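K.L.:
What follows is query10.csv, CSV, C-alpha atoms and all ligand atoms.
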chain,number,residue,atom,x,y,z
Y,26,MET,CA,50.0,210.1,124.9
Y,27,SER,CA,49.0,211.4,121.5
Y,28,SER,CA,46.9,209.0,119.5
Y,29,THR,CA,47.1,210.8,116.2
Y,30,LEU,CA,48.5,208.4,113.6
Y,31,LYS,CA,50.2,209.6,110.4
Y,32,ASN,CA,49.7,206.2,108.8
Y,33,ASP,CA,46.7,204.2,110.0
Y,34,ARG,CA,46.4,201.9,106.9
Y,35,TYR,CA,47.2,198.8,109.0
Y,36,LEU,CA,44.5,199.5,111.6
Y,37,LYS,CA,42.0,200.5,109.0
Y,38,ALA,CA,42.5,197.3,107.0
Y,39,LEU,CA,42.2,195.2,110.2
Y,40,LEU,CA,38.7,196.8,110.6
Y,41,LYS,CA,37.8,196.5,106.9
Y,42,GLU,CA,37.7,200.2,106.5
Y,43,PRO,CA,38.8,201.6,103.1
Y,44,VAL,CA,42.5,202.2,102.5
Y,45,ASP,CA,44.6,203.8,99.6
Y,46,CYS,CA,46.8,200.7,99.2
Y,47,THR,CA,47.3,197.4,101.0
Y,48,PRO,CA,49.3,197.7,104.2
Y,49,VAL,CA,52.3,195.5,104.7
Y,50,TRP,CA,54.6,194.4,107.5
Y,51,MET,CA,56.8,191.3,107.9
Y,52,MET,CA,56.8,188.8,110.7
Y,53,ARG,CA,60.3,189.0,112.4
Y,54,GLN,CA,61.0,192.2,110.6
Y,55,ALA,CA,63.5,193.2,113.3
Y,56,GLY,CA,66.3,190.6,113.6
Y,57,ARG,CA,69.2,188.8,112.3
Y,58,TYR,CA,68.9,189.4,108.5
Y,59,LEU,CA,69.7,193.1,109.3
Y,60,PRO,CA,73.4,193.9,109.7
Y,61,GLU,CA,72.5,196.8,112.1
Y,62,TYR,CA,70.6,194.3,114.3
Y,63,ARG,CA,73.6,191.9,114.3
Y,64,GLU,CA,75.9,194.7,115.3
Y,65,LEU,CA,73.7,195.8,118.2
Y,66,ARG,CA,73.1,192.2,119.4
Y,67,ALA,CA,76.9,191.6,119.4
Y,68,GLN,CA,77.4,194.7,121.6
Y,69,ALA,CA,74.5,193.7,123.9
Y,70,GLY,CA,75.9,190.2,124.4
Y,71,ASP,CA,72.8,188.1,124.1
Y,72,PHE,CA,69.2,188.3,122.8
Y,73,MET,CA,67.5,188.6,126.2
Y,74,SER,CA,69.7,191.6,127.1
Y,75,LEU,CA,68.3,193.3,124.1
Y,76,CYS,CA,64.7,192.5,125.2
Y,77,LYS,CA,65.3,193.6,128.8
Y,78,ASN,CA,66.7,197.0,127.9
Y,79,PRO,CA,63.9,199.3,126.7
Y,80,GLU,CA,66.2,201.7,124.8
Y,81,LEU,CA,67.8,198.8,122.9
Y,82,ALA,CA,64.5,197.0,122.3
Y,83,CYS,CA,63.2,200.4,120.9
Y,84,GLU,CA,66.2,200.8,118.7
Y,85,VAL,CA,65.8,197.3,117.3
Y,86,THR,CA,62.1,197.8,116.7
Y,87,LEU,CA,62.8,200.9,114.7
Y,88,GLN,CA,65.6,199.6,112.6
Y,89,PRO,CA,63.5,198.0,109.8
Y,90,LEU,CA,61.2,201.1,109.7
Y,91,ARG,CA,64.2,203.3,108.8
Y,92,ARG,CA,65.0,201.0,105.8
Y,93,PHE,CA,61.5,200.1,104.6
Y,94,ASP,CA,58.1,201.8,104.1
Y,95,LEU,CA,56.4,199.5,106.6
Y,96,ASP,CA,52.9,200.1,107.8
Y,97,ALA,CA,53.3,198.8,111.3
Y,98,ALA,CA,56.0,198.3,114.0
Y,99,ILE,CA,56.1,195.2,116.1
Y,100,LEU,CA,57.4,195.2,119.6
Y,101,PHE,CA,60.8,193.7,119.8
Y,102,SER,CA,60.5,190.9,122.4
Y,103,ASP,CA,59.8,187.2,122.5
Y,104,ILE,CA,56.9,184.9,123.2
Y,105,LEU,CA,59.0,183.1,125.8
Y,106,THR,CA,59.0,186.1,128.2
Y,107,ILE,CA,55.8,184.6,129.8
Y,108,PRO,CA,57.4,181.2,130.8
Y,109,ASP,CA,60.4,183.2,132.0
Y,110,ALA,CA,58.1,185.4,134.2
Y,111,LEU,CA,56.5,182.2,135.5
Y,112,GLY,CA,59.9,181.2,136.9
Y,113,LEU,CA,61.1,178.6,134.3
Y,114,GLY,CA,64.5,180.3,133.8
Y,115,LEU,CA,64.7,181.1,130.1
Y,116,TYR,CA,68.1,181.2,128.4
Y,117,PHE,CA,69.4,181.1,124.8
Y,118,SER,CA,72.4,178.8,124.2
Y,119,THR,CA,74.3,179.6,121.0
Y,120,GLY,CA,73.0,177.6,118.1
Y,121,GLU,CA,70.4,175.7,120.2
Y,122,GLY,CA,67.6,178.2,120.5
Y,123,PRO,CA,65.6,178.7,123.7
Y,124,CYS,CA,66.1,176.5,126.8
Y,125,PHE,CA,64.6,176.4,130.3
Y,126,GLU,CA,66.5,175.7,133.5
Y,127,ARG,CA,63.3,174.4,135.1
Y,128,PRO,CA,60.9,172.9,132.4
Y,129,ILE,CA,57.5,171.6,133.5
Y,130,GLN,CA,58.0,167.9,134.3
Y,131,ASN,CA,54.9,166.9,136.3
Y,132,THR,CA,51.6,168.1,137.8
Y,133,ALA,CA,53.3,169.4,140.9
Y,134,ASP,CA,55.3,171.8,138.7
Y,135,ILE,CA,52.0,173.0,137.1
Y,136,ASN,CA,50.3,173.5,140.6
Y,137,LYS,CA,53.2,175.8,141.7
Y,138,LEU,CA,52.6,178.3,138.8
Y,139,ALA,CA,50.6,181.5,139.5
Y,140,VAL,CA,49.5,184.4,137.3
Y,141,PHE,CA,52.0,187.3,137.6
Y,142,ASP,CA,51.6,191.1,137.6
Y,143,PRO,CA,52.8,192.1,134.1
Y,144,GLU,CA,53.8,195.6,135.3
Y,145,ILE,CA,56.2,194.0,137.8
Y,146,GLU,CA,57.4,190.7,136.4
Y,147,LEU,CA,57.4,191.9,132.8
Y,148,GLY,CA,57.9,195.5,133.5
Y,149,TYR,CA,60.7,195.6,131.0
Y,150,VAL,CA,58.3,194.7,128.2
Y,151,MET,CA,55.9,197.5,129.3
Y,152,ASP,CA,58.7,200.0,129.5
Y,153,ALA,CA,59.8,198.9,126.0
Y,154,VAL,CA,56.2,199.4,124.7
Y,155,ARG,CA,56.1,202.9,126.2
Y,156,THR,CA,59.5,203.8,124.9
Y,157,ILE,CA,58.7,202.6,121.4
Y,158,ARG,CA,55.3,204.4,121.3
Y,159,THR,CA,56.9,207.7,122.2
Y,160,ALA,CA,59.7,207.2,119.7
Y,161,LEU,CA,57.3,206.2,116.9
Y,162,ALA,CA,55.6,209.6,117.4
Y,163,GLY,CA,52.5,208.4,115.4
Y,164,GLN,CA,54.5,207.3,112.4
Y,165,VAL,CA,52.8,203.9,112.3
Y,166,PRO,CA,50.8,201.8,114.8
Y,167,LEU,CA,52.6,199.5,117.2
Y,168,ILE,CA,51.7,195.8,117.4
Y,169,GLY,CA,51.9,194.0,120.7
Y,170,PHE,CA,52.0,190.2,120.8
Y,171,SER,CA,52.0,187.0,122.7
Y,172,GLY,CA,52.3,183.3,122.1
Y,173,SER,CA,49.2,181.2,122.3
Y,174,PRO,CA,48.8,179.1,125.4
Y,175,TRP,CA,49.3,175.9,123.4
Y,176,THR,CA,52.5,177.2,121.7
Y,177,LEU,CA,53.9,178.5,125.1
Y,178,ALA,CA,53.1,175.1,126.7
Y,179,THR,CA,55.0,173.3,124.0
Y,180,TYR,CA,58.2,175.1,125.0
Y,181,MET,CA,57.5,174.8,128.7
Y,182,ILE,CA,56.9,171.0,128.6
Y,183,GLU,CA,59.4,170.0,125.9
Y,184,GLY,CA,62.0,172.2,127.6
Y,185,GLY,CA,62.8,174.2,124.4
Y,186,SER,CA,62.2,174.0,120.6
Y,187,SER,CA,60.8,170.7,119.4
Y,188,LYS,CA,60.1,168.9,116.1
Y,189,ALA,CA,57.9,166.0,117.3
Y,190,PHE,CA,56.3,167.4,120.5
Y,191,THR,CA,56.2,164.0,122.0
Y,192,LYS,CA,56.0,165.0,125.7
Y,193,ILE,CA,53.1,167.5,125.3
Y,194,LYS,CA,51.2,165.3,122.9
Y,195,LYS,CA,51.5,162.4,125.3
Y,196,MET,CA,50.0,164.7,127.9
Y,197,CYS,CA,47.0,165.4,125.7
Y,198,TYR,CA,46.1,161.8,126.0
Y,199,SER,CA,47.6,160.6,129.3
Y,200,ASP,CA,46.9,163.6,131.6
Y,201,PRO,CA,44.5,166.1,129.8
Y,202,ASP,CA,43.3,167.6,133.1
Y,203,ALA,CA,46.8,168.7,134.1
Y,204,LEU,CA,47.4,170.1,130.6
Y,205,HIS,CA,44.1,172.0,130.7
Y,206,LYS,CA,45.1,173.4,134.1
Y,207,LEU,CA,48.4,174.7,132.5
Y,208,LEU,CA,46.7,176.1,129.4
Y,209,ASP,CA,44.0,177.8,131.4
Y,210,LEU,CA,46.6,179.5,133.6
Y,211,LEU,CA,48.6,180.5,130.5
Y,212,ALA,CA,45.4,182.0,129.0
Y,213,ASP,CA,45.0,184.1,132.1
Y,214,CYS,CA,48.7,185.2,131.9
Y,215,VAL,CA,48.3,186.1,128.2
Y,216,ILE,CA,45.2,188.2,129.0
Y,217,VAL,CA,46.9,190.3,131.7
Y,218,TYR,CA,50.0,190.5,129.6
Y,219,LEU,CA,48.3,191.7,126.4
Y,220,ASN,CA,46.0,194.0,128.3
Y,221,ALA,CA,49.1,195.6,130.0
Y,222,GLN,CA,50.7,196.0,126.5
Y,223,ILE,CA,47.5,197.7,125.3
Y,224,LYS,CA,47.5,200.1,128.3
Y,225,ALA,CA,51.2,200.8,127.7
Y,226,GLY,CA,50.5,201.7,124.1
Y,227,ALA,CA,50.1,198.7,121.8
Y,228,GLN,CA,47.5,199.6,119.2
Y,229,SER,CA,46.7,196.1,118.0
Y,230,VAL,CA,47.7,192.7,119.3
Y,231,MET,CA,48.7,189.4,117.6
Y,232,ILE,CA,48.7,185.9,119.0
Y,233,PHE,CA,51.2,183.6,117.5
Y,234,ASP,CA,50.0,180.0,117.6
Y,235,THR,CA,53.1,178.7,115.8
Y,236,TRP,CA,52.6,175.0,116.8
Y,237,GLY,CA,48.8,174.7,116.8
Y,238,GLY,CA,49.1,173.1,113.3
Y,239,VAL,CA,50.7,170.0,114.7
Y,240,LEU,CA,47.5,168.9,116.3
Y,241,SER,CA,44.5,166.9,115.0
Y,242,GLN,CA,41.3,168.9,114.6
Y,243,SER,CA,39.7,167.7,117.8
Y,244,CYS,CA,42.9,168.4,119.8
Y,245,TYR,CA,43.3,171.8,118.1
Y,246,LEU,CA,39.8,172.8,119.2
Y,247,GLU,CA,40.3,171.4,122.7
Y,248,PHE,CA,43.8,172.4,123.5
Y,249,SER,CA,44.6,175.4,121.3
Y,250,LEU,CA,41.6,177.3,120.0
Y,251,ARG,CA,39.6,177.1,123.2
Y,252,TYR,CA,42.2,179.1,125.0
Y,253,MET,CA,42.7,181.6,122.2
Y,254,GLN,CA,38.9,182.1,122.5
Y,255,LYS,CA,39.3,182.7,126.2
Y,256,ILE,CA,41.9,185.4,125.4
Y,257,VAL,CA,39.8,187.1,122.7
Y,258,ASP,CA,37.0,187.3,125.3
Y,259,GLY,CA,39.3,188.7,128.0
Y,260,LEU,CA,41.0,191.5,126.0
Y,261,ILE,CA,40.4,195.2,126.3
Y,262,GLN,CA,38.3,196.0,123.3
Y,263,SER,CA,39.1,199.7,122.9
Y,264,HIS,CA,41.7,202.0,124.1
Y,265,GLU,CA,42.5,205.7,123.4
Y,266,ASN,CA,39.1,205.9,121.7
Y,267,ARG,CA,40.0,203.2,119.1
Y,268,ILE,CA,39.2,199.5,118.7
Y,269,VAL,CA,42.2,197.4,119.5
Y,270,PRO,CA,42.1,194.7,116.7
Y,271,VAL,CA,43.2,191.2,117.5
Y,272,THR,CA,44.9,188.9,115.0
Y,273,LEU,CA,45.1,185.1,115.5
Y,274,PHE,CA,47.7,183.2,113.6
Y,275,THR,CA,47.8,179.4,113.7
Y,276,LYS,CA,50.7,178.3,111.4
Y,277,ASN,CA,49.4,175.4,109.3
Y,278,GLY,CA,45.9,176.1,110.5
Y,279,GLY,CA,44.3,176.6,107.0
Y,280,GLN,CA,41.8,173.8,107.6
Y,281,TRP,CA,40.3,175.5,110.6
Y,282,LEU,CA,39.7,179.0,109.3
Y,283,SER,CA,36.0,179.1,110.0
Y,284,HIS,CA,36.6,178.0,113.6
Y,285,ILE,CA,39.3,180.6,114.1
Y,286,ALA,CA,37.2,183.4,112.6
Y,287,ALA,CA,34.3,182.4,114.9
Y,288,THR,CA,36.3,183.5,118.0
Y,289,GLY,CA,35.4,187.1,117.2
Y,290,CYS,CA,39.0,188.1,116.4
Y,291,HIS,CA,39.4,190.8,113.8
Y,292,ALA,CA,42.0,189.2,111.6
Y,293,VAL,CA,43.2,185.7,110.8
Y,294,GLY,CA,46.8,185.1,109.8
Y,295,ILE,CA,47.4,182.5,107.0
Y,296,ASP,CA,50.6,180.9,105.7
Y,297,TRP,CA,51.4,180.0,102.1
Y,298,THR,CA,49.8,176.6,102.3
Y,299,THR,CA,46.4,178.2,102.2
Y,300,GLU,CA,45.3,180.2,99.2
Y,301,LEU,CA,44.1,183.8,99.8
Y,302,ASP,CA,41.1,183.5,97.5
Y,303,THR,CA,39.9,180.3,99.3
Y,304,ALA,CA,40.4,181.9,102.7
Y,305,ARG,CA,38.6,185.1,101.6
Y,306,ALA,CA,35.6,183.1,100.2
Y,307,GLN,CA,35.4,181.2,103.5
Y,308,ILE,CA,35.9,183.9,106.2
Y,309,GLY,CA,36.4,187.2,104.3
Y,310,SER,CA,33.0,188.5,105.3
Y,311,GLN,CA,33.8,188.1,109.0
Y,312,VAL,CA,37.4,189.0,109.4
Y,313,SER,CA,40.4,190.5,107.6
Y,314,LEU,CA,43.2,188.3,106.4
Y,315,GLN,CA,46.9,188.6,107.1
Y,316,GLY,CA,49.5,186.9,104.9
Y,317,ASN,CA,50.6,184.9,103.1
Y,318,MET,CA,53.7,185.1,100.8
Y,319,ASP,CA,56.2,182.2,101.3
Y,320,PRO,CA,59.2,183.8,103.0
Y,321,SER,CA,61.4,181.9,100.6
Y,322,VAL,CA,60.2,184.1,97.7
Y,323,LEU,CA,62.6,186.7,99.0
Y,324,TYR,CA,65.5,184.6,97.7
Y,325,ALA,CA,64.2,185.2,94.2
Y,326,PRO,CA,65.3,188.0,91.8
Y,327,LYS,CA,63.5,191.3,91.8
Y,328,GLU,CA,61.1,190.4,88.9
Y,329,ARG,CA,60.0,187.2,90.5
Y,330,ILE,CA,59.3,188.9,93.9
Y,331,GLU,CA,57.2,191.5,92.1
Y,332,SER,CA,55.3,189.0,90.1
Y,333,GLU,CA,54.5,186.9,93.2
Y,334,VAL,CA,53.3,190.1,95.0
Y,335,GLN,CA,51.1,190.8,92.0
Y,336,ARG,CA,49.7,187.3,91.9
Y,337,LEU,CA,48.8,187.4,95.6
Y,338,LEU,CA,47.2,190.9,95.3
Y,339,ALA,CA,45.1,189.6,92.4
Y,340,GLN,CA,44.2,186.5,94.4
Y,341,TYR,CA,42.8,188.6,97.3
Y,342,GLY,CA,41.1,190.9,94.8
Y,343,LYS,CA,39.5,194.3,95.2
Y,344,GLY,CA,38.8,196.1,98.4
Y,345,THR,CA,40.0,196.3,102.0
Y,346,GLY,CA,40.6,193.6,104.5
Y,347,HIS,CA,44.0,192.3,103.5
Y,348,ILE,CA,47.2,193.0,105.4
Y,349,PHE,CA,50.1,191.8,103.3
Y,350,ASN,CA,52.7,189.8,105.2
Y,351,LEU,CA,54.9,186.8,104.8
Y,352,GLY,CA,53.3,183.5,105.8
Y,353,HIS,CA,55.9,183.1,108.6
Y,354,GLY,CA,59.0,184.9,109.8
Y,355,ILE,CA,61.6,186.3,107.3
Y,356,HIS,CA,64.6,184.0,106.8
Y,357,LEU,CA,67.9,184.9,108.5
Y,358,ASP,CA,69.9,185.0,105.3
Y,359,VAL,CA,67.6,187.2,103.2
Y,360,ASN,CA,69.1,190.2,101.5
Y,361,PRO,CA,67.5,193.3,103.0
Y,362,GLU,CA,67.3,194.8,99.5
Y,363,HIS,CA,64.9,192.1,98.6
Y,364,ALA,CA,62.7,192.9,101.6
Y,365,LYS,CA,62.6,196.5,100.3
Y,366,ILE,CA,61.5,195.3,96.8
Y,367,PHE,CA,58.7,193.3,98.4
Y,368,ILE,CA,57.4,196.1,100.5
Y,369,ASP,CA,57.5,198.7,97.8
Y,370,ALA,CA,55.8,196.3,95.3
Y,371,VAL,CA,52.9,195.8,97.7
Y,372,HIS,CA,52.2,199.5,97.9
Y,373,THR,CA,52.8,200.1,94.1
Y,374,TYR,CA,50.8,197.3,92.7
Y,375,SER,CA,47.9,197.3,95.2
Y,376,LYS,CA,46.6,200.8,94.5
Y,377,PRO,CA,44.2,199.8,91.6
Y,378,TYR,CA,42.6,197.3,94.0
Y,379,HIS,CA,41.5,200.1,96.3
Y,380,LEU,CA,40.0,202.5,93.7
Y,381,PRO,CA,36.3,203.1,94.4
Q,1,LIG,O1,69.3,187.3,117.9
Q,1,LIG,C1,68.9,186.2,118.2
Q,1,LIG,O2,69.7,185.2,118.2
Q,1,LIG,C2,67.5,185.9,118.7
Q,1,LIG,C3,66.6,185.5,117.6
Q,1,LIG,C4,65.2,185.9,118.0
Q,1,LIG,C5,64.6,187.0,117.6
Q,1,LIG,C6,65.1,188.1,116.7
Q,1,LIG,C7,64.4,185.1,118.9
Q,1,LIG,C8,64.7,183.9,119.6
Q,1,LIG,N1,63.2,185.9,119.0
Q,1,LIG,C9,63.3,187.0,118.3
Q,1,LIG,C10,62.3,188.1,118.2
Q,1,LIG,C11,60.9,187.7,118.1
Q,1,LIG,N2,60.3,186.5,118.4
Q,1,LIG,C12,59.9,188.6,117.7
Q,1,LIG,C13,60.2,190.1,117.4
Q,1,LIG,C14,59.4,190.9,116.6
Q,1,LIG,C15,59.5,190.7,115.1
Q,1,LIG,O3,60.3,191.5,114.5
Q,1,LIG,O4,58.6,190.0,114.5
Q,1,LIG,C16,58.7,187.9,117.7
Q,1,LIG,C17,57.3,188.3,117.3
Q,1,LIG,C18,59.0,186.6,118.2
Q,1,LIG,C19,58.0,185.5,118.4
Q,1,LIG,C20,58.4,184.1,118.6
Q,1,LIG,N3,59.5,183.6,119.3
Q,1,LIG,C21,57.7,183.0,118.1
Q,1,LIG,C22,56.4,183.1,117.4
Q,1,LIG,C23,56.5,183.6,116.0
Q,1,LIG,C24,57.2,182.6,115.0
Q,1,LIG,O5,58.2,183.0,114.5
Q,1,LIG,O6,56.6,181.5,114.9
Q,1,LIG,C25,58.3,181.8,118.5
Q,1,LIG,C26,57.9,180.4,118.2
Q,1,LIG,C27,59.5,182.2,119.3
Q,1,LIG,C28,60.4,181.3,120.0
Q,1,LIG,C29,61.8,181.6,119.6
Q,1,LIG,N4,62.5,182.8,119.9
Q,1,LIG,C30,63.8,182.8,119.5
Q,1,LIG,C31,64.0,181.5,118.9
Q,1,LIG,C32,65.3,181.0,118.3
Q,1,LIG,C33,62.8,180.8,119.0
Q,1,LIG,C34,62.6,179.3,118.7
Q,1,LIG,C35,61.9,179.1,117.4
Q,1,LIG,C36,61.7,177.6,117.2
Q,1,LIG,O7,61.3,176.8,118.2
Q,1,LIG,O8,61.8,177.1,116.1
Would it be possible to restate this file's structure as structure tokens?
P.N.:
Amino acid sequence: MSSTLKNDRYLKALLKEPVDCTPVWMMRQAGRYLPEYRELRAQAGDFMSLCKNPELACEVTLQPLRRFDLDAAILFSDILTIPDALGLGLYFSTGEGPCFERPIQNTADINKLAVFDPEIELGYVMDAVRTIRTALAGQVPLIGFSGSPWTLATYMIEGGSSKAFTKIKKMCYSDPDALHKLLDLLADCVIVYLNAQIKAGAQSVMIFDTWGGVLSQSCYLEFSLRYMQKIVDGLIQSHENRIVPVTLFTKNGGQWLSHIAATGCHAVGIDWTTELDTARAQIGSQVSLQGNMDPSVLYAPKERIESEVQRLLAQYGKGTGHIFNLGHGIHLDVNPEHAKIFIDAVHTYSKPYHLP
């Protein structure tokens, strides 16, 4: 596999090496806001059929790169492949989001779980990574990803998406030992899963802790960050003669930045509720920052999108160490033309910030 990259801005910024302009990609950049995605998804039938077919997963990964000047590709898959591989029976019912046939209901259910072989149980993900890497032909780096143990556990215990997280939060206080057992196993699963993605060709990895921000500080440290720390410690550090940078993103985790940076990750994702200058002052000497434009800005007219990009670039200030992104996934009803305006604006207006 060739490791020559035509555009390595994203990897360089993650490692705080100088770049010519600020790299940019968008969380959920492949997906339902793109008409070409909706067309392919209608043909495939359902979302998991897209994920389980490496050629289709590759096609969907590349769709946004054909439209926009993105600096990274992200594997098209989902965080819930892990619970599926653990035997919970994932399905997506129309309009309801993810569901499990067999959610975790008691300690006995947790005791039955065992770490899988990712090349077997999640072989379709590794095939997708290999197919995408070949198809990218060094155009931009490929990001692999996983959910954090806490975020995966919320889906496994609540049985799907949740707003109040009552079952798992009850467990934090009524049966913490059982929850720790589950989170520890999930951390082991994430380690083997991400290491397999790295060996298959992922050049950087990101951990999505979408629901860590619903916890109190002490519960966050005990039930979420502790297991992300275990993962950071267990990941392959370099592959193909390159460091494999790790990004941790706890949505609504702005009050815990110094704890997150202390894990030894390379970059910390921030959402729009945290200011880039505050975050840089706090942890910018240790890690790079990814973020943080409110995805709703993409509903605004061109001039407003451009002025918001300029404001955020000025807020980060001069030098490397910033990966521009949205603070969370792109909304389903955004006009793709607005995404293009956003991406081009980042490249155009960031150049002065990278002059020597
Ligand atoms: O076509 C469809 O109907 C499926 C919609 C969809 C898509 C496009 C789902 C279902 N997952 C995805 C892809 C996906 N999911 C990616 C692809 C790469 C990209 O372009 O970014 C990634 C990285 C994810 C990760 C993911 N899935 C997260 C973490 C990131 C985040 O957005 O916070 C979470 C929480 C999920 C769970 C999930 N997957 C899908 C749904 C509807 C949900 C539930 C979200 C919720 O509980 O609110």
K.L.:
Neighbours of ligand LIG 1 (chain Q) within 7 Å, counting all atoms listed in the file, as a list in words?
P.N.:
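Within the 7 Å cut-off, the matching residues are Met51, Met52, Arg53, Gln54, Ala55, Gly56, Arg57, Arg66, Phe72, Thr86, Ile99, Leu100, Phe101, Ser102, Asp103, Ile104, Leu105, Gly122, Pro123, Phe170, Gly172, Gly185, Ser186, Ser187, Phe233, Thr235, His353 and Gly354 of chain Y.
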K.L.:
Which of these residues is nearest to Cys124 in chain Y, using all atoms listed in the file: Y:Leu273, Y:Ile285, Y:Ile182, Y:Leu210?
P.N.:
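Result for the nearest residue to Cys124 in chain Y: Y:Ile182.
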K.L.:
Calculated over all atoms listed in the file, which of the candidates Y:Asp142, Y:Asp234, Y:Glu328, Y:Glu247 has the smallest distance to Phe274 in chain Y?
P.N.:
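So, comparing all the options, the nearest one is Y:Asp234.
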K.L.:
Which residues are near Arg34 in chain Y? Cut-off 9 Å, only C-alpha atoms, ignore same chain within fewer than 5 positions. Put them as number ranges by chain.
P.N.:
Y: 39, 42-49, 96-97, 165
K.L.:
Put those residues in a file: C-alpha atoms, as a PDB file, in the coordinates of the input.
P.N.:
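Generated file (again-v4.pdb):
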ATOM      1  CA  LEU Y  39      42.200 195.200 110.200  1.00  0.00           C
ATOM      2  CA  GLU Y  42      37.700 200.200 106.500  1.00  0.00           C
ATOM      3  CA  PRO Y  43      38.800 201.600 103.100  1.00  0.00           C
ATOM      4  CA  VAL Y  44      42.500 202.200 102.500  1.00  0.00           C
ATOM      5  CA  ASP Y  45      44.600 203.800  99.600  1.00  0.00           C
ATOM      6  CA  CYS Y  46      46.800 200.700  99.200  1.00  0.00           C
ATOM      7  CA  THR Y  47      47.300 197.400 101.000  1.00  0.00           C
ATOM      8  CA  PRO Y  48      49.300 197.700 104.200  1.00  0.00           C
ATOM      9  CA  VAL Y  49      52.300 195.500 104.700  1.00  0.00           C
ATOM     10  CA  ASP Y  96      52.900 200.100 107.800  1.00  0.00           C
ATOM     11  CA  ALA Y  97      53.300 198.800 111.300  1.00  0.00           C
ATOM     12  CA  VAL Y 165      52.800 203.900 112.300  1.00  0.00           C
TER      13      VAL Y 165
END
K.L.:
For Cys290 in chain Y, please output as an NGL selection string all residues within 8 Å (counting only C-alpha atoms; exclusion window: fewer than 2 positions along the same chain).
P.N.:
:Y and (257 or 270-273 or 285-288 or 292-293 or 312)
K.L.:
Suppose you want the space between CA of Thr29 in chain Y and CA of Gly294 in chain Y; what is it in Å?
P.N.:
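These atoms are spaced 26.5 Å apart.
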K.L.:
What separation in Å, quoted to one decimal, exists between CA of Gly237 in chain Y and CA of Ser199 in chain Y?
P.N.:
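About the pair CA of Gly237 in chain Y and CA of Ser199 in chain Y: they are 18.9 Å apart.
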K.L.:
Counting all atoms listed in the file, note down every residue that has an atom within 7 Å of the point (53.7, 211.0, 112.3) (file coordinates), as an MDAnalysis selection string.
P.N.:
chainID Y and resid 30:31 162:164
K.L.:
Tell me which protein, DNA and RNA residues are within 9 Å of Cys214 in chain Y, counting all atoms listed in the file, leaving out same-chain ones fewer than 5 positions away, and put them as a PyMOL selection string.
P.N.:
chain Y and resi 107+139-143+174+209+219
K.L.:
What would the file look like if the residues just selected were written as a JSON list (two decimals), keeping the file's coordinate frame with C-alpha atoms?
P.N.:
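Result file again_13.json:
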[["chain", "number", "residue", "atom", "x", "y", "z"],
["Y", 107, "ILE", "CA", 55.80, 184.60, 129.80],
["Y", 139, "ALA", "CA", 50.60, 181.50, 139.50],
["Y", 140, "VAL", "CA", 49.50, 184.40, 137.30],
["Y", 141, "PHE", "CA", 52.00, 187.30, 137.60],
["Y", 142, "ASP", "CA", 51.60, 191.10, 137.60],
["Y", 143, "PRO", "CA", 52.80, 192.10, 134.10],
["Y", 174, "PRO", "CA", 48.80, 179.10, 125.40],
["Y", 209, "ASP", "CA", 44.00, 177.80, 131.40],
["Y", 219, "LEU", "CA", 48.30, 191.70, 126.40]]
K.L.:
What is the distance between CA of Leu65 in chain Y and CA of Val85 in chain Y, in Å to one decimal?
P.N.:
8.1 Å
K.L.:
Add whatever atoms are absent from range 261-270 of chain Y to reach N, CA and C atoms, and provide the output as an mmCIF file, in the frame of the given file.
P.N.:
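Output (selection19.cif):
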data_model
loop_
_atom_site.group_PDB
_atom_site.id
_atom_site.type_symbol
_atom_site.label_atom_id
_atom_site.label_comp_id
_atom_site.auth_asym_id
_atom_site.auth_seq_id
_atom_site.Cartn_x
_atom_site.Cartn_y
_atom_site.Cartn_z
ATOM 1 N N ILE Y 261 40.967 193.841 126.371
ATOM 2 C CA ILE Y 261 40.400 195.200 126.300
ATOM 3 C C ILE Y 261 39.994 195.447 124.859
ATOM 4 N N GLN Y 262 38.742 195.894 124.665
ATOM 5 C CA GLN Y 262 38.300 196.000 123.300
ATOM 6 C C GLN Y 262 38.614 197.339 122.632
ATOM 7 N N SER Y 263 38.647 198.397 123.449
ATOM 8 C CA SER Y 263 39.100 199.700 122.900
ATOM 9 C C SER Y 263 39.869 200.459 123.860
ATOM 10 N N HIS Y 264 40.768 201.258 123.313
ATOM 11 C CA HIS Y 264 41.700 202.000 124.100
ATOM 12 C C HIS Y 264 42.036 203.282 123.343
ATOM 13 N N GLU Y 265 42.232 204.411 124.026
ATOM 14 C CA GLU Y 265 42.500 205.700 123.400
ATOM 15 C C GLU Y 265 41.455 205.967 122.283
ATOM 16 N N ASN Y 266 40.190 205.625 122.591
ATOM 17 C CA ASN Y 266 39.100 205.900 121.700
ATOM 18 C C ASN Y 266 39.184 205.099 120.349
ATOM 19 N N ARG Y 267 39.911 204.025 120.341
ATOM 20 C CA ARG Y 267 40.000 203.200 119.100
ATOM 21 C C ARG Y 267 39.852 201.742 119.463
ATOM 22 N N ILE Y 268 39.255 201.009 118.536
ATOM 23 C CA ILE Y 268 39.200 199.500 118.700
ATOM 24 C C ILE Y 268 40.592 199.005 118.653
ATOM 25 N N VAL Y 269 40.881 198.009 119.500
ATOM 26 C CA VAL Y 269 42.200 197.400 119.500
ATOM 27 C C VAL Y 269 42.035 196.022 118.736
ATOM 28 N N PRO Y 270 42.376 195.979 117.448
ATOM 29 C CA PRO Y 270 42.100 194.700 116.700
ATOM 30 C C PRO Y 270 43.051 193.602 117.125
#
